[in-house]
>>> print(open('data.txt').read())   # compact mmCIF, C-alpha atoms and all ligand atoms
# COMPACT_ATOMS: atom_id res chain seq x y z
CA MET E 38 -19.80 125.01 46.01
CA LYS E 39 -19.09 122.88 42.96
CA PHE E 40 -21.77 123.66 40.42
CA GLU E 41 -23.16 120.73 38.45
CA PHE E 42 -24.24 122.14 35.10
CA SER E 43 -26.71 120.46 32.77
CA ASN E 44 -25.48 118.39 29.83
CA ARG E 45 -27.20 120.86 27.55
CA MET E 46 -25.13 123.82 28.74
CA ARG E 47 -21.91 121.93 29.38
CA ASN E 48 -21.57 121.38 25.65
CA VAL E 49 -21.71 125.08 24.82
CA GLN E 50 -18.41 126.94 24.98
CA ALA E 51 -18.17 130.67 25.70
CA SER E 52 -18.28 132.31 22.30
CA ALA E 53 -14.78 132.47 20.80
CA VAL E 54 -15.83 135.63 19.02
CA ARG E 55 -16.72 137.37 22.25
CA GLU E 56 -13.43 136.26 23.80
CA ILE E 57 -11.56 137.80 20.88
CA LEU E 58 -13.68 140.91 21.06
CA LYS E 59 -12.63 141.25 24.69
CA ALA E 60 -9.01 141.44 23.52
CA ALA E 61 -10.13 143.83 20.80
CA SER E 62 -11.78 146.23 23.25
CA ASP E 63 -8.33 147.77 23.81
CA PRO E 64 -8.58 151.08 21.91
CA LYS E 65 -5.16 150.43 20.34
CA VAL E 66 -6.54 147.38 18.56
CA ILE E 67 -8.10 147.64 15.09
CA SER E 68 -10.90 145.11 15.18
CA PHE E 69 -12.28 143.29 12.17
CA GLY E 70 -13.80 140.82 14.61
CA GLY E 71 -17.22 142.25 15.40
CA GLY E 72 -20.46 142.42 13.48
CA ASN E 73 -21.87 145.73 14.66
CA PRO E 74 -23.56 148.33 12.47
CA ALA E 75 -21.36 151.29 11.50
CA MET E 76 -21.49 154.14 14.00
CA GLN E 77 -22.67 156.56 11.32
CA ALA E 78 -25.57 154.21 10.43
CA PHE E 79 -27.49 154.75 13.67
CA PRO E 80 -30.55 157.04 13.34
CA VAL E 81 -29.81 158.58 16.74
CA ASP E 82 -31.75 161.83 16.35
CA SER E 83 -34.95 160.18 15.09
CA ILE E 84 -34.92 157.61 17.86
CA LYS E 85 -34.37 160.28 20.48
CA THR E 86 -37.18 162.46 19.10
CA ILE E 87 -39.63 159.57 18.83
CA SER E 88 -38.84 158.31 22.30
CA ASN E 89 -39.35 161.80 23.78
CA GLU E 90 -42.62 162.23 21.91
CA LEU E 91 -43.96 158.93 23.15
CA PHE E 92 -43.02 159.73 26.73
CA GLU E 93 -44.81 163.06 26.45
CA GLU E 94 -47.91 161.45 24.99
CA ASP E 95 -48.34 158.31 27.04
CA PRO E 96 -45.59 157.57 29.57
CA ILE E 97 -47.29 154.79 31.48
CA SER E 98 -48.00 152.61 28.48
CA MET E 99 -44.30 152.81 27.57
CA LEU E 100 -43.44 151.38 30.97
CA GLN E 101 -46.33 148.96 31.50
CA TYR E 102 -46.37 145.21 30.78
CA GLY E 103 -47.34 144.26 27.25
CA ILE E 104 -48.62 141.14 25.52
CA THR E 105 -46.31 138.26 24.58
CA GLU E 106 -47.04 138.33 20.83
CA GLY E 107 -45.85 141.93 20.69
CA TYR E 108 -47.22 145.47 20.49
CA GLY E 109 -50.21 145.28 18.10
CA PRO E 110 -49.41 148.31 15.92
CA LEU E 111 -45.78 147.16 15.53
CA ARG E 112 -46.95 143.72 14.43
CA GLU E 113 -48.89 145.52 11.69
CA SER E 114 -46.17 148.02 10.68
CA ALA E 115 -43.44 145.34 10.72
CA LYS E 116 -45.63 143.04 8.61
CA ALA E 117 -46.20 145.80 6.05
CA PHE E 118 -42.47 146.61 6.02
CA PHE E 119 -41.27 143.03 5.48
CA ASN E 120 -43.97 142.43 2.86
CA ARG E 121 -43.17 145.57 0.90
CA HIS E 122 -41.17 143.91 -1.91
CA GLU E 123 -42.45 140.33 -1.77
CA GLN E 124 -45.19 138.41 0.01
CA VAL E 125 -43.34 137.01 2.99
CA SER E 126 -46.35 136.45 5.24
CA LYS E 127 -49.09 134.13 4.02
CA GLU E 128 -52.74 133.67 4.95
CA TYR E 129 -51.98 130.80 7.29
CA ASP E 130 -49.17 132.73 9.00
CA ASP E 131 -48.89 134.65 12.20
CA LEU E 132 -46.22 137.11 13.29
CA ILE E 133 -44.72 137.71 16.72
CA ILE E 134 -42.20 140.23 17.99
CA THR E 135 -39.12 138.79 19.69
CA SER E 136 -36.20 140.22 21.65
CA GLY E 137 -33.78 139.99 18.74
CA SER E 138 -33.83 137.25 16.15
CA GLN E 139 -31.41 135.00 17.99
CA GLN E 140 -34.33 134.38 20.33
CA ILE E 141 -36.25 132.84 17.42
CA MET E 142 -33.46 130.29 16.93
CA ASP E 143 -33.48 129.46 20.62
CA PHE E 144 -37.26 129.11 20.76
CA LEU E 145 -37.55 127.00 17.64
CA ALA E 146 -34.95 124.54 18.91
CA LYS E 147 -36.58 124.54 22.33
CA CYS E 148 -40.03 123.84 20.86
CA LEU E 149 -38.97 121.15 18.38
CA CYS E 150 -35.92 119.35 19.71
CA ASN E 151 -35.56 116.66 22.30
CA GLU E 152 -32.04 115.81 23.51
CA GLY E 153 -30.05 114.37 20.58
CA ASP E 154 -32.43 115.50 17.80
CA THR E 155 -30.66 116.91 14.76
CA ILE E 156 -30.64 120.29 13.01
CA ILE E 157 -29.02 120.85 9.61
CA CYS E 158 -26.87 123.99 9.32
CA GLU E 159 -24.74 125.63 6.71
CA ASP E 160 -21.12 125.01 7.68
CA PRO E 161 -19.82 127.58 8.66
CA SER E 162 -22.77 129.44 10.16
CA PHE E 163 -23.78 132.15 12.62
CA LEU E 164 -22.29 131.17 15.97
CA GLY E 165 -25.16 132.60 18.03
CA ALA E 166 -27.59 130.27 16.27
CA LEU E 167 -25.31 127.24 16.54
CA ASN E 168 -24.95 127.82 20.28
CA ALA E 169 -28.70 128.37 20.67
CA PHE E 170 -29.28 124.98 19.01
CA ARG E 171 -26.56 123.26 21.05
CA SER E 172 -27.90 124.69 24.30
CA ASN E 173 -31.23 123.00 23.57
CA GLY E 174 -29.60 119.59 23.31
CA ALA E 175 -29.63 119.40 19.50
CA LYS E 176 -26.91 117.75 17.45
CA LEU E 177 -25.79 119.72 14.43
CA ILE E 178 -25.33 118.32 10.94
CA GLY E 179 -23.08 120.66 8.94
CA VAL E 180 -23.49 121.00 5.17
CA SER E 181 -20.72 122.75 3.23
CA LEU E 182 -21.37 126.25 2.07
CA GLU E 183 -20.30 127.30 -1.43
CA GLU E 184 -20.14 130.72 -3.13
CA ASP E 185 -23.75 130.29 -4.36
CA GLY E 186 -25.15 128.71 -1.20
CA ILE E 187 -25.43 125.37 0.51
CA ASN E 188 -24.14 122.21 -1.25
CA MET E 189 -27.21 120.46 -2.64
CA GLU E 190 -25.93 116.87 -2.68
CA GLU E 191 -24.82 117.06 0.93
CA LEU E 192 -28.10 118.76 1.86
CA GLU E 193 -30.18 115.96 0.36
CA LYS E 194 -28.10 113.33 2.17
CA ALA E 195 -28.53 115.21 5.44
CA MET E 196 -32.29 115.42 4.94
CA GLN E 197 -32.43 111.66 4.27
CA GLN E 198 -30.94 110.85 7.67
CA LYS E 199 -33.15 109.01 10.13
CA PRO E 200 -34.66 110.18 12.38
CA THR E 201 -35.52 113.10 10.11
CA PRO E 202 -33.74 116.30 11.15
CA LYS E 203 -36.00 118.75 12.97
CA PHE E 204 -35.14 121.67 10.72
CA LEU E 205 -32.68 123.27 8.34
CA TYR E 206 -31.15 126.62 9.32
CA VAL E 207 -30.05 128.88 6.43
CA ILE E 208 -28.95 132.51 5.99
CA PRO E 209 -29.49 133.05 2.25
CA ASN E 210 -28.45 136.73 2.06
CA PHE E 211 -24.86 137.83 2.77
CA GLN E 212 -24.31 134.92 5.05
CA ASN E 213 -22.59 135.31 8.40
CA PRO E 214 -19.67 134.50 8.37
CA MET E 215 -19.02 133.97 4.62
CA GLY E 216 -20.79 136.96 3.07
CA THR E 217 -22.17 134.72 0.29
CA THR E 218 -25.68 134.79 -1.23
CA MET E 219 -27.71 131.70 -2.12
CA SER E 220 -28.69 131.58 -5.79
CA LEU E 221 -32.35 131.52 -6.82
CA GLU E 222 -31.90 128.02 -8.19
CA LYS E 223 -30.56 126.73 -4.88
CA ARG E 224 -33.34 128.47 -2.94
CA LYS E 225 -35.95 126.72 -5.08
CA LYS E 226 -34.18 123.37 -4.78
CA THR E 227 -33.77 123.76 -1.02
CA TYR E 228 -37.49 124.40 -0.70
CA GLU E 229 -38.33 121.38 -2.89
CA LEU E 230 -36.04 119.09 -0.87
CA ALA E 231 -37.50 120.35 2.41
CA LYS E 232 -40.99 119.60 1.09
CA LYS E 233 -39.98 116.17 -0.17
CA TYR E 234 -38.32 115.07 3.09
CA GLY E 235 -40.63 116.89 5.50
CA VAL E 236 -37.96 119.15 6.99
CA LEU E 237 -38.90 122.61 8.27
CA ILE E 238 -36.74 125.54 7.13
CA LEU E 239 -35.64 128.37 9.40
CA GLU E 240 -34.75 131.20 7.03
CA ASP E 241 -32.72 133.86 8.84
CA ASN E 242 -32.57 137.18 7.01
CA PRO E 243 -31.13 139.96 9.17
CA TYR E 244 -28.99 141.42 6.36
CA GLY E 245 -31.35 141.28 3.34
CA ASP E 246 -31.99 145.04 3.35
CA LEU E 247 -28.28 145.79 3.41
CA ARG E 248 -27.84 144.82 -0.25
CA PHE E 249 -25.45 147.22 -1.97
CA SER E 250 -24.96 145.51 -5.34
CA SER E 251 -26.80 143.21 -7.79
CA LYS E 252 -30.51 142.46 -7.66
CA ALA E 253 -32.44 141.04 -4.73
CA VAL E 254 -33.19 137.31 -4.87
CA PRO E 255 -36.65 136.17 -3.65
CA SER E 256 -36.71 134.71 -0.15
CA ILE E 257 -37.47 131.03 0.35
CA LYS E 258 -40.36 132.13 2.55
CA SER E 259 -41.96 133.94 -0.39
CA MET E 260 -42.03 130.59 -2.28
CA ASP E 261 -43.63 128.71 0.61
CA GLU E 262 -47.06 127.28 -0.03
CA GLU E 263 -47.06 124.60 2.65
CA GLY E 264 -46.26 126.56 5.81
CA ILE E 265 -42.87 124.86 6.16
CA VAL E 266 -40.69 127.99 6.38
CA LEU E 267 -40.22 130.05 9.53
CA TYR E 268 -38.83 133.47 8.62
CA ALA E 269 -36.64 135.40 11.06
CA ALA E 270 -36.38 139.10 10.28
CA SER E 271 -34.60 141.60 12.47
CA LEU E 272 -34.48 145.35 12.96
CA SER E 273 -31.02 145.03 14.57
CA LYS E 274 -28.89 145.57 11.51
CA ILE E 275 -31.06 148.22 9.89
CA ILE E 276 -32.12 150.31 12.90
CA ALA E 277 -30.41 149.47 16.21
CA PRO E 278 -29.34 146.11 17.70
CA GLY E 279 -29.38 147.42 21.27
CA MET E 280 -33.16 147.81 21.07
CA ARG E 281 -33.49 144.02 20.59
CA VAL E 282 -36.50 143.94 18.26
CA ALA E 283 -37.04 141.22 15.67
CA VAL E 284 -39.93 139.49 13.97
CA ALA E 285 -40.82 135.81 13.50
CA ILE E 286 -43.21 135.05 10.64
CA GLY E 287 -44.50 131.53 10.16
CA HIS E 288 -47.40 129.12 10.33
CA LYS E 289 -49.76 130.08 13.15
CA ASP E 290 -49.63 126.61 14.73
CA LEU E 291 -45.87 126.88 15.01
CA LEU E 292 -45.98 130.45 16.27
CA SER E 293 -48.48 129.66 18.99
CA ARG E 294 -45.89 127.27 20.50
CA LEU E 295 -43.11 129.83 20.07
CA THR E 296 -45.30 132.33 21.89
CA VAL E 297 -45.52 129.98 24.87
CA ALA E 298 -41.71 129.64 24.81
CA LYS E 299 -41.46 133.43 24.82
CA GLN E 300 -43.91 133.76 27.70
CA VAL E 301 -41.68 131.45 29.71
CA ALA E 302 -38.45 133.21 28.69
CA ASP E 303 -39.13 136.93 29.00
CA VAL E 304 -42.92 137.53 28.95
CA HIS E 305 -42.59 140.02 26.08
CA THR E 306 -40.12 142.20 24.21
CA ASN E 307 -39.34 145.60 25.76
CA VAL E 308 -42.46 147.74 25.19
CA TRP E 309 -40.57 151.02 24.98
CA ALA E 310 -38.32 149.66 22.22
CA GLN E 311 -41.31 148.17 20.36
CA ARG E 312 -43.24 151.45 20.43
CA VAL E 313 -40.24 153.44 19.23
CA MET E 314 -39.64 150.93 16.43
CA ASP E 315 -43.29 151.10 15.40
CA ARG E 316 -43.27 154.87 15.11
CA PHE E 317 -39.89 154.79 13.37
CA LEU E 318 -41.24 152.40 10.71
CA ARG E 319 -44.38 154.51 10.26
CA THR E 320 -42.75 157.93 10.08
CA THR E 321 -39.41 157.28 8.35
CA ASP E 322 -38.88 157.13 4.63
CA MET E 323 -37.44 153.64 4.93
CA ASP E 324 -36.22 153.50 1.33
CA GLN E 325 -34.17 156.63 1.95
CA HIS E 326 -32.94 155.35 5.29
CA LEU E 327 -31.86 152.04 3.77
CA LYS E 328 -30.23 153.72 0.78
CA ARG E 329 -28.09 155.72 3.20
CA LEU E 330 -27.03 152.54 5.03
CA GLN E 331 -26.39 150.67 1.80
CA ALA E 332 -24.13 153.49 0.59
CA ILE E 333 -22.12 153.34 3.84
CA TYR E 334 -21.63 149.57 3.59
CA ARG E 335 -20.90 149.68 -0.14
CA ASP E 336 -18.08 152.13 0.49
CA GLN E 337 -16.66 150.23 3.43
CA ALA E 338 -16.83 146.88 1.61
CA GLN E 339 -15.27 148.28 -1.55
CA LEU E 340 -12.45 149.87 0.40
CA MET E 341 -11.72 146.62 2.21
CA LEU E 342 -11.83 144.60 -1.02
CA ASP E 343 -9.53 147.06 -2.81
CA THR E 344 -7.09 147.08 0.11
CA ILE E 345 -7.10 143.28 0.30
CA LYS E 346 -6.44 143.10 -3.44
CA GLU E 347 -3.52 145.46 -3.08
CA HIS E 348 -1.88 143.95 0.00
CA PHE E 349 -2.84 140.29 0.47
CA HIS E 350 -0.70 137.47 -0.88
CA PRO E 351 -2.35 136.23 -4.10
CA SER E 352 -2.82 132.72 -2.70
CA VAL E 353 -5.41 134.02 -0.20
CA GLN E 354 -8.94 133.60 -1.60
CA TYR E 355 -11.79 135.82 -0.43
CA THR E 356 -15.51 136.29 -0.99
CA LYS E 357 -16.96 139.42 -2.60
CA PRO E 358 -20.23 140.13 -0.82
CA GLU E 359 -23.21 141.87 -2.44
CA GLY E 360 -24.35 143.19 0.93
CA GLY E 361 -24.15 142.65 4.67
CA MET E 362 -21.05 143.07 6.81
CA PHE E 363 -18.55 140.26 6.20
CA ILE E 364 -15.77 138.99 3.94
CA TRP E 365 -14.41 135.47 4.37
CA ALA E 366 -10.74 135.00 3.53
CA THR E 367 -9.25 131.54 3.04
CA PHE E 368 -5.55 130.72 3.29
CA PRO E 369 -3.71 127.85 1.64
CA ASP E 370 -4.02 124.57 3.59
CA ASP E 371 -0.49 124.66 5.01
CA VAL E 372 -1.02 128.00 6.80
CA ASP E 373 -1.60 127.85 10.55
CA VAL E 374 -4.43 130.36 10.78
CA LEU E 375 -4.46 130.51 14.57
CA GLU E 376 -0.78 131.46 14.55
CA PHE E 377 -1.56 134.10 11.92
CA ILE E 378 -4.28 135.53 14.17
CA GLN E 379 -1.95 135.58 17.18
CA GLU E 380 0.67 137.44 15.15
CA ALA E 381 -1.99 139.89 14.01
CA ILE E 382 -3.12 140.58 17.58
CA LYS E 383 0.52 141.30 18.54
CA GLN E 384 0.39 144.01 15.88
CA ASN E 385 -2.94 145.25 17.27
CA VAL E 386 -5.26 143.84 14.60
CA ALA E 387 -8.06 141.45 15.64
CA VAL E 388 -9.82 138.97 13.36
CA VAL E 389 -11.97 135.94 14.11
CA PRO E 390 -10.83 132.42 13.19
CA GLY E 391 -13.19 130.67 10.79
CA SER E 392 -13.15 127.61 13.07
CA ALA E 393 -15.36 129.53 15.55
CA PHE E 394 -18.23 129.28 13.05
CA MET E 395 -17.80 125.65 12.13
CA VAL E 396 -20.23 122.98 13.26
CA ASP E 397 -17.19 120.97 14.39
CA GLU E 398 -14.91 123.59 15.90
CA ASN E 399 -11.99 121.15 15.82
CA ALA E 400 -12.23 120.42 12.10
CA PRO E 401 -9.43 121.99 10.05
CA CYS E 402 -10.37 125.48 8.86
CA HIS E 403 -8.06 127.86 7.05
CA SER E 404 -10.28 130.90 6.97
CA ILE E 405 -10.85 134.12 8.87
CA ARG E 406 -13.89 136.39 8.98
CA LEU E 407 -13.35 140.09 8.30
CA ASN E 408 -15.98 142.64 9.30
CA PHE E 409 -16.10 145.81 7.22
CA SER E 410 -19.05 147.63 8.84
CA THR E 411 -17.53 148.66 12.17
CA PRO E 412 -13.95 149.93 11.55
CA THR E 413 -13.28 153.43 10.27
CA LYS E 414 -11.96 153.86 6.73
CA GLU E 415 -8.50 154.76 8.05
CA ASN E 416 -8.47 151.62 10.17
CA ILE E 417 -9.63 149.45 7.27
CA GLN E 418 -6.65 150.64 5.25
CA LYS E 419 -4.20 150.46 8.11
CA GLY E 420 -5.37 147.12 9.51
CA ILE E 421 -5.70 145.34 6.17
CA LYS E 422 -2.21 146.47 5.21
CA ILE E 423 -0.84 144.97 8.45
CA LEU E 424 -2.70 141.70 7.73
CA GLY E 425 -1.52 141.83 4.12
CA ASP E 426 2.13 142.14 5.16
CA LEU E 427 1.59 139.18 7.47
CA THR E 428 0.10 137.06 4.66
CA TYR E 429 3.48 137.35 2.89
CA LYS E 430 5.15 135.88 5.99
CA PHE E 431 2.69 132.98 6.16
CA CYS E 432 2.02 132.12 2.50
CA ARG E 433 4.56 130.92 -0.01
C1 LIG Y 501 -27.06 135.66 10.68
C2 LIG Y 501 -27.49 136.34 11.93
N1 LIG Y 501 -28.70 136.08 12.42
C3 LIG Y 501 -29.13 136.68 13.55
C4 LIG Y 501 -28.34 137.58 14.23
C5 LIG Y 501 -28.85 138.13 15.52
O1 LIG Y 501 -29.45 139.31 15.38
P1 LIG Y 501 -30.42 139.91 16.50
O2 LIG Y 501 -29.74 141.14 16.99
O3 LIG Y 501 -31.70 140.16 15.79
O4 LIG Y 501 -30.56 138.88 17.59
C6 LIG Y 501 -27.08 137.89 13.74
C7 LIG Y 501 -26.24 138.83 14.48
O5 LIG Y 501 -25.07 139.01 14.24
C8 LIG Y 501 -26.64 137.25 12.56
O6 LIG Y 501 -25.45 137.50 12.03
>>> encode(input="data.txt", output="structure tokens", more="lines below")
Ligand SMILES: Cc1ncc(COP(=O)(O)O)c(C=O)c1O
Amino acid sequence: MKFEFSNRMRNVQASAVREILKAASDPKVISFGGGNPAMQAFPVDSIKTISNELFEEDPISMLQYGITEGYGPLRESAKAFFNRHEQVSKEYDDLIITSGSQQIMDFLAKCLCNEGDTIICEDPSFLGALNAFRSNGAKLIGVSLEEDGINMEELEKAMQQKPTPKFLYVIPNFQNPMGTTMSLEKRKKTYELAKKYGVLILEDNPYGDLRFSSKAVPSIKSMDEEGIVLYAASLSKIIAPGMRVAVAIGHKDLLSRLTVAKQVADVHTNVWAQRVMDRFLRTTDMDQHLKRLQAIYRDQAQLMLDTIKEHFHPSVQYTKPEGGMFIWATFPDDVDVLEFIQEAIKQNVAVVPGSAFMVDENAPCHSIRLNFSTPTKENIQKGIKILGDLTYKFCR
């Protein structure tokens, strides 16, 4: 049978990152392509103990259907956790548990966008979100991303477009793929522009608690007084992504629609995972837990930066993240980055082309994304040296 796919899905390509990761699954390959937490960051013993305890105490309720909004006690513990440093949730807000935060991107686009409606995104941006938007028929308007966040002039022009874009998607902390952090000034200005032009903001913050240097910058959501920011928080990067537990915090009228979208999609997030997460948040010294993770990522990032400095051709520019999992390296314009990546794979090192994260995947892009959380220290040194030697072949 010849399958006739919908226009919505026809426009979405299989993720280039996943294709590269397939090549990188060969154990010989050193991969800087993924975005997984470090192996040593997983709280395996605690999760095992908690899960066993809960099964002893109340096995059926771990396995029974739950409610769409999420397990009540987790909604409370997650709210307290994400409010612990700043007031993220407001009086007019509600909070629901989702199966990972990528689901929030999918649901928001599904609830707000008709075919051809527009969404403004940082360019480059998180591929999973871009594909979630595309798969809901939205057209993307890319706004350049700079070291201190989105370009304000371009953002204002994008917001002025008619019909008004449905929302703006931003990752202010340790952006994926660039590793950059939006300045306080730009956060305030972004919020003011959104208010002025009536554009909702989707603030995605899965990496905020993985800050390993400099001081935290307030979230845009904490500045919101109008109910125009939907905040996506996730437990993936700080506890375990395989459990698929995230949190959407936003105006209750918006969340009631998102809840209907969730009911249609998967009824509710896995109850077992939600109950384990709830007890983990309640019984773990989260500051200690996060300090341990931050120390791991600080070390890994510093090692990668030092090795890049030592081995990369000086014409290659790169970001210096204050947290998260990624460094973005940019080659001079005359370098064919795809050829560089192919050469690297021949020498068993995998990296992702920056073009995979661009709103227009065919636009020229001379960057690569390097992940420092997953590889071992030995492999960071070995792999970056191989890439560094290659930069001397490709750059003059
Ligand atoms: C910026 C960003 N947002 C969201 C996600 C998705 O996380 P989750 O596991 O919560 O779906 C990722 C995962 O890599 C990400 O980089």
>>> atom_distance(input="data.txt", atom1="CA of Pro202 (chain E)", atom2="CA of Asn151 (chain E)")
11.3 Å
>>> closest_residue(input="data.txt", among="E:Lys299, E:Lys147, E:His350, E:Lys274", to="ligand LIG 501 (chain Y)", atoms="all atoms listed in the file")
E:Lys274
>>> residues_near_ligand(input="data.txt", ligand="ligand LIG 501 (chain Y)", cutoff="9 Å", atoms="all atoms listed in the file", output="compact mmCIF listing (two decimals) with C-alpha atoms, in the frame of the given file")
# COMPACT_ATOMS: atom_id res chain seq x y z
CA GLY E 71 -17.22 142.25 15.40
CA GLY E 72 -20.46 142.42 13.48
CA ASN E 73 -21.87 145.73 14.66
CA THR E 135 -39.12 138.79 19.69
CA SER E 136 -36.20 140.22 21.65
CA GLY E 137 -33.78 139.99 18.74
CA SER E 138 -33.83 137.25 16.15
CA GLN E 139 -31.41 135.00 17.99
CA GLN E 140 -34.33 134.38 20.33
CA ILE E 141 -36.25 132.84 17.42
CA MET E 142 -33.46 130.29 16.93
CA SER E 162 -22.77 129.44 10.16
CA PHE E 163 -23.78 132.15 12.62
CA LEU E 164 -22.29 131.17 15.97
CA GLY E 165 -25.16 132.60 18.03
CA ALA E 166 -27.59 130.27 16.27
CA VAL E 207 -30.05 128.88 6.43
CA ILE E 208 -28.95 132.51 5.99
CA ASN E 210 -28.45 136.73 2.06
CA PHE E 211 -24.86 137.83 2.77
CA GLN E 212 -24.31 134.92 5.05
CA ASN E 213 -22.59 135.31 8.40
CA PRO E 214 -19.67 134.50 8.37
CA ASP E 241 -32.72 133.86 8.84
CA ASN E 242 -32.57 137.18 7.01
CA PRO E 243 -31.13 139.96 9.17
CA TYR E 244 -28.99 141.42 6.36
CA ALA E 269 -36.64 135.40 11.06
CA ALA E 270 -36.38 139.10 10.28
CA SER E 271 -34.60 141.60 12.47
CA LEU E 272 -34.48 145.35 12.96
CA SER E 273 -31.02 145.03 14.57
CA LYS E 274 -28.89 145.57 11.51
CA ALA E 277 -30.41 149.47 16.21
CA PRO E 278 -29.34 146.11 17.70
CA GLY E 279 -29.38 147.42 21.27
CA MET E 280 -33.16 147.81 21.07
CA ARG E 281 -33.49 144.02 20.59
CA VAL E 282 -36.50 143.94 18.26
CA ALA E 283 -37.04 141.22 15.67
CA VAL E 284 -39.93 139.49 13.97
CA MET E 362 -21.05 143.07 6.81
>>> closest_residue(input="data.txt", among="E:Asp95, E:Asp290, E:Asp397, E:Glu229", to="Ser181 (chain E)", atoms="only C-alpha atoms")
E:Asp397
>>> residues_around(input="data.txt", residues="Val388 (chain E)", least_positions_apart="4", cutoff="8 Å", atoms="all atoms listed in the file", output="VMD selection string")
chain E and resid 57 68 to 70 378 381 405 to 407
>>> residues_around(input="data.txt", residues="region 120-132 of chain E", least_positions_apart="3", cutoff="9 Å", atoms="all atoms listed in the file", output="compact mmCIF listing (two decimals) with C-alpha atoms, in the frame of the given file")
# COMPACT_ATOMS: atom_id res chain seq x y z
CA GLU E 106 -47.04 138.33 20.83
CA GLY E 107 -45.85 141.93 20.69
CA ARG E 112 -46.95 143.72 14.43
CA GLU E 113 -48.89 145.52 11.69
CA ALA E 115 -43.44 145.34 10.72
CA LYS E 116 -45.63 143.04 8.61
CA ALA E 117 -46.20 145.80 6.05
CA PRO E 255 -36.65 136.17 -3.65
CA SER E 256 -36.71 134.71 -0.15
CA ILE E 257 -37.47 131.03 0.35
CA LYS E 258 -40.36 132.13 2.55
CA SER E 259 -41.96 133.94 -0.39
CA MET E 260 -42.03 130.59 -2.28
CA ASP E 261 -43.63 128.71 0.61
CA GLU E 262 -47.06 127.28 -0.03
CA GLY E 264 -46.26 126.56 5.81
CA TYR E 268 -38.83 133.47 8.62
CA VAL E 284 -39.93 139.49 13.97
CA ALA E 285 -40.82 135.81 13.50
CA ILE E 286 -43.21 135.05 10.64
CA GLY E 287 -44.50 131.53 10.16
CA HIS E 288 -47.40 129.12 10.33
CA LYS E 289 -49.76 130.08 13.15
CA ASP E 290 -49.63 126.61 14.73
CA LEU E 291 -45.87 126.88 15.01
CA LEU E 292 -45.98 130.45 16.27
CA SER E 293 -48.48 129.66 18.99
>>> closest_residue(input="data.txt", among="E:Leu247, E:Ile156, E:Ala366, E:Ile345", to="Thr201 (chain E)", atoms="only C-alpha atoms")
E:Ile156
>>> closest_residue(input="data.txt", among="E:Gln101, E:Asn48, E:Asn408, E:Thr227", to="Met196 (chain E)", atoms="all atoms listed in the file")
E:Thr227
>>> atom_distance(input="data.txt", atom1="CA of Gly103 (chain E)", atom2="CA of Thr296 (chain E)")
13.2 Å
>>> closest_residue(input="data.txt", among="E:Arg316, E:Gln418, E:Phe431, E:Leu340", to="Asn89 (chain E)", atoms="all atoms listed in the file")
E:Arg316
>>> closest_residue(input="data.txt", among="E:Pro110, E:Gly153, E:Pro96, E:Pro209", to="Arg171 (chain E)", atoms="only C-alpha atoms")
E:Gly153
>>> residues_near_point(input="data.txt", point="(-12.6, 150.3, 0.4)", cutoff="12 Å", atoms="only C-alpha atoms", output="ChimeraX atom specification")
/E:332-347,409-410,412-419,421
>>> decode(input="data.txt", residues="region 305-312 of chain E", atoms="N, CA, C and O atoms", output="compact mmCIF listing (two decimals), in the first residue's frame")
# COMPACT_ATOMS: atom_id res chain seq x y z
N HIS E 305 -2.74 10.22 30.86
CA HIS E 305 -1.98 10.81 31.96
C HIS E 305 -0.55 10.31 31.88
O HIS E 305 -0.25 9.34 31.17
N THR E 306 0.32 10.97 32.63
CA THR E 306 1.73 10.54 32.71
C THR E 306 1.81 9.30 33.60
O THR E 306 1.04 9.17 34.56
N ASN E 307 2.73 8.42 33.28
CA ASN E 307 2.96 7.17 34.00
C ASN E 307 2.89 7.37 35.53
O ASN E 307 3.67 8.13 36.10
N VAL E 308 1.93 6.69 36.16
CA VAL E 308 1.68 6.91 37.59
C VAL E 308 2.87 6.46 38.44
O VAL E 308 3.27 7.14 39.40
N TRP E 309 3.42 5.34 38.10
CA TRP E 309 4.58 4.79 38.82
C TRP E 309 5.72 5.83 38.85
O TRP E 309 6.23 6.18 39.91
N ALA E 310 6.03 6.36 37.66
CA ALA E 310 7.11 7.36 37.58
C ALA E 310 6.75 8.61 38.40
O ALA E 310 7.60 9.17 39.10
N GLN E 311 5.49 9.02 38.33
CA GLN E 311 5.08 10.23 39.07
C GLN E 311 5.22 10.03 40.58
O GLN E 311 5.67 10.91 41.30
N ARG E 312 4.83 8.82 41.04
CA ARG E 312 4.88 8.58 42.49
C ARG E 312 6.32 8.48 42.97
O ARG E 312 6.66 8.96 44.06
